[in-house]
Amino acid sequence: MAKNKFNKNWVHDHLNDPFVKLAQKEGYRARAVYKLQEIDEAEKLIRSGQVIVDLGCTPGSWSQYVRNKLAGQAGGGINGVIIGLDILPMEPIADVHFIQGDFREQAVLDQLEALVGERQVDLVLSDMAPNLSGVAVTDAARVEHIIELAMDFARTHLKPSGALLVKCFNGSGYNDILSKFREEFKTVSSKKPKASRDKSSEIFVLGKGLKNPV
């Protein structure tokens, strides 16, 4: 009974969520787009001509937003490159190269690296999150592992002036993640966008400018 009540409350909150309504109105696939939009507008992360990798991209609202920012070439298309990756399938988005696979697997990482090729990446976005078990220590380790993989990829492929934006959770392991970011990036900041639900412990960490580019 309690579970049904919880589900009904979630559905009620979801349907009445102003960001859900706005996403439907503006044609975005998820309300999460407004988290990225707020951070981008404050930090000026996304600009014409960039190479951008979107990790954990499904259902695609972040890639949609990036595509809209890179659009405007004469005759359609975009000025830039967008590569999305997710373990789940994603409905196609024009001008977005999509790889379906688990970012933790070397074969999938090889596909991504082949698609990036010799290009240096301007921005790595990661909205990835593991399936949480409810066991704080286990979940913190899973989150940290995914973020470390994203950092490894960024360390290898980012331009020296590039940026990495990752989702993590404010709790066990959060300070370790911040410390690792400070080792790698010249500027590190935490972001809690208005579109993040109040009850959620999610927080975004942004690193800009590699201290020791490859």
# chains A, B, ... in the order shown; residues from 1 in each chain; ligands from 1

$ select_by_dssp --residues "segment 31-78 of chain A" --states "strand (DSSP E)" --output "list of chain:residue names"
A:Val51, A:Ile52, A:Val53, A:Asp54, A:Leu55

$ select_by_dssp --residues "segment 169-204 of chain A" --states "helix (DSSP H, G or I)" --output "list in words"
Tyr174, Asn175, Asp176, Ile177, Leu178, Ser179, Lys180, Phe181, Arg182, Glu183 and Glu184 of chain A

$ write_last_selection --atoms "C-alpha atoms" --output "CSV table (one decimal), in the first residue's frame"
chain,number,residue,atom,x,y,z
A,174,TYR,CA,31.8,13.3,-2.6
A,175,ASN,CA,34.9,14.9,-1.0
A,176,ASP,CA,37.2,12.3,-2.6
A,177,ILE,CA,35.7,13.1,-6.0
A,178,LEU,CA,36.3,16.9,-5.4
A,179,SER,CA,39.9,16.2,-4.4
A,180,LYS,CA,40.6,14.2,-7.6
A,181,PHE,CA,39.1,16.9,-9.7
A,182,ARG,CA,41.4,19.5,-8.0
A,183,GLU,CA,44.4,17.3,-8.8
A,184,GLU,CA,43.4,17.3,-12.5

$ residues_around --residues "Gly27 of chain A" --least-positions-apart "4" --cutoff "10 Å" --atoms "only C-alpha atoms" --output "ChimeraX atom specification"
/A:21-23,61,64

$ residues_around --residues "segment 106-110 of chain A" --least-positions-apart "6" --cutoff "10 Å" --atoms "only C-alpha atoms" --output "list in words"
Leu85, Asp86, Ile87, Ile99, Gln100, Val116, Leu149 and Phe153 of chain A

$ residues_around --residues "segment 28-43 of chain A" --least-positions-apart "4" --cutoff "6 Å" --atoms "only C-alpha atoms" --output "PyMOL selection string"
chain A and resi 19-20+23+61-62+193+195

$ write_last_selection --atoms "C-alpha atoms" --output "short mmCIF file (atom, residue, chain, number, x, y, z; two decimals), in the first residue's frame"
data_model
loop_
_atom_site.label_atom_id
_atom_site.label_comp_id
_atom_site.auth_asym_id
_atom_site.auth_seq_id
_atom_site.Cartn_x
_atom_site.Cartn_y
_atom_site.Cartn_z
CA PHE A 19 10.40 21.61 -15.80
CA VAL A 20 8.55 18.54 -17.13
CA ALA A 23 10.46 20.18 -21.64
CA SER A 61 17.88 15.81 -23.87
CA TRP A 62 21.47 16.93 -23.23
CA PRO A 193 20.88 23.59 -10.72
CA ALA A 195 16.02 21.78 -12.07
#

$ atom_distance --atom1 "atom CA of Lys159 of chain A" --atom2 "atom CA of Leu210 of chain A"
7.9 Å

$ closest_residue --among "A:Gly76, A:Gly134, A:Gly84, A:Pro92" --to "Gln111 of chain A" --atoms "only C-alpha atoms"
A:Gly84

$ closest_residue --among "A:Gly101, A:Pro160, A:Gly49, A:Pro130" --to "Ile147 of chain A" --atoms "only C-alpha atoms"
A:Pro130

$ closest_residue --among "A:Leu206, A:Val188, A:Val96, A:Val137" --to "Ser172 of chain A" --atoms "only C-alpha atoms"
A:Val137

$ closest_residue --among "A:Val166, A:Val214, A:Leu158, A:Ala94" --to "Leu125 of chain A" --atoms "only C-alpha atoms"
A:Val166

$ atom_distance --atom1 "atom CA of Ile78 of chain A" --atom2 "atom CA of Arg47 of chain A"
11.2 Å

$ residues_around --residues "Val66 of chain A" --least-positions-apart "6" --cutoff "9 Å" --atoms "only C-alpha atoms" --output "PyMOL selection string"
chain A and resi 46-47+52+82

$ atom_distance --atom1 "atom CA of Lys167 of chain A" --atom2 "atom CA of Met151 of chain A"
12.1 Å

$ closest_residue --among "A:Met128, A:His157, A:Asn79, A:Gln50" --to "Ala114 of chain A" --atoms "only C-alpha atoms"
A:His157

$ residues_around --residues "Leu132 of chain A" --least-positions-apart "6" --cutoff "10 Å" --atoms "only C-alpha atoms" --output "count of residues only"
5
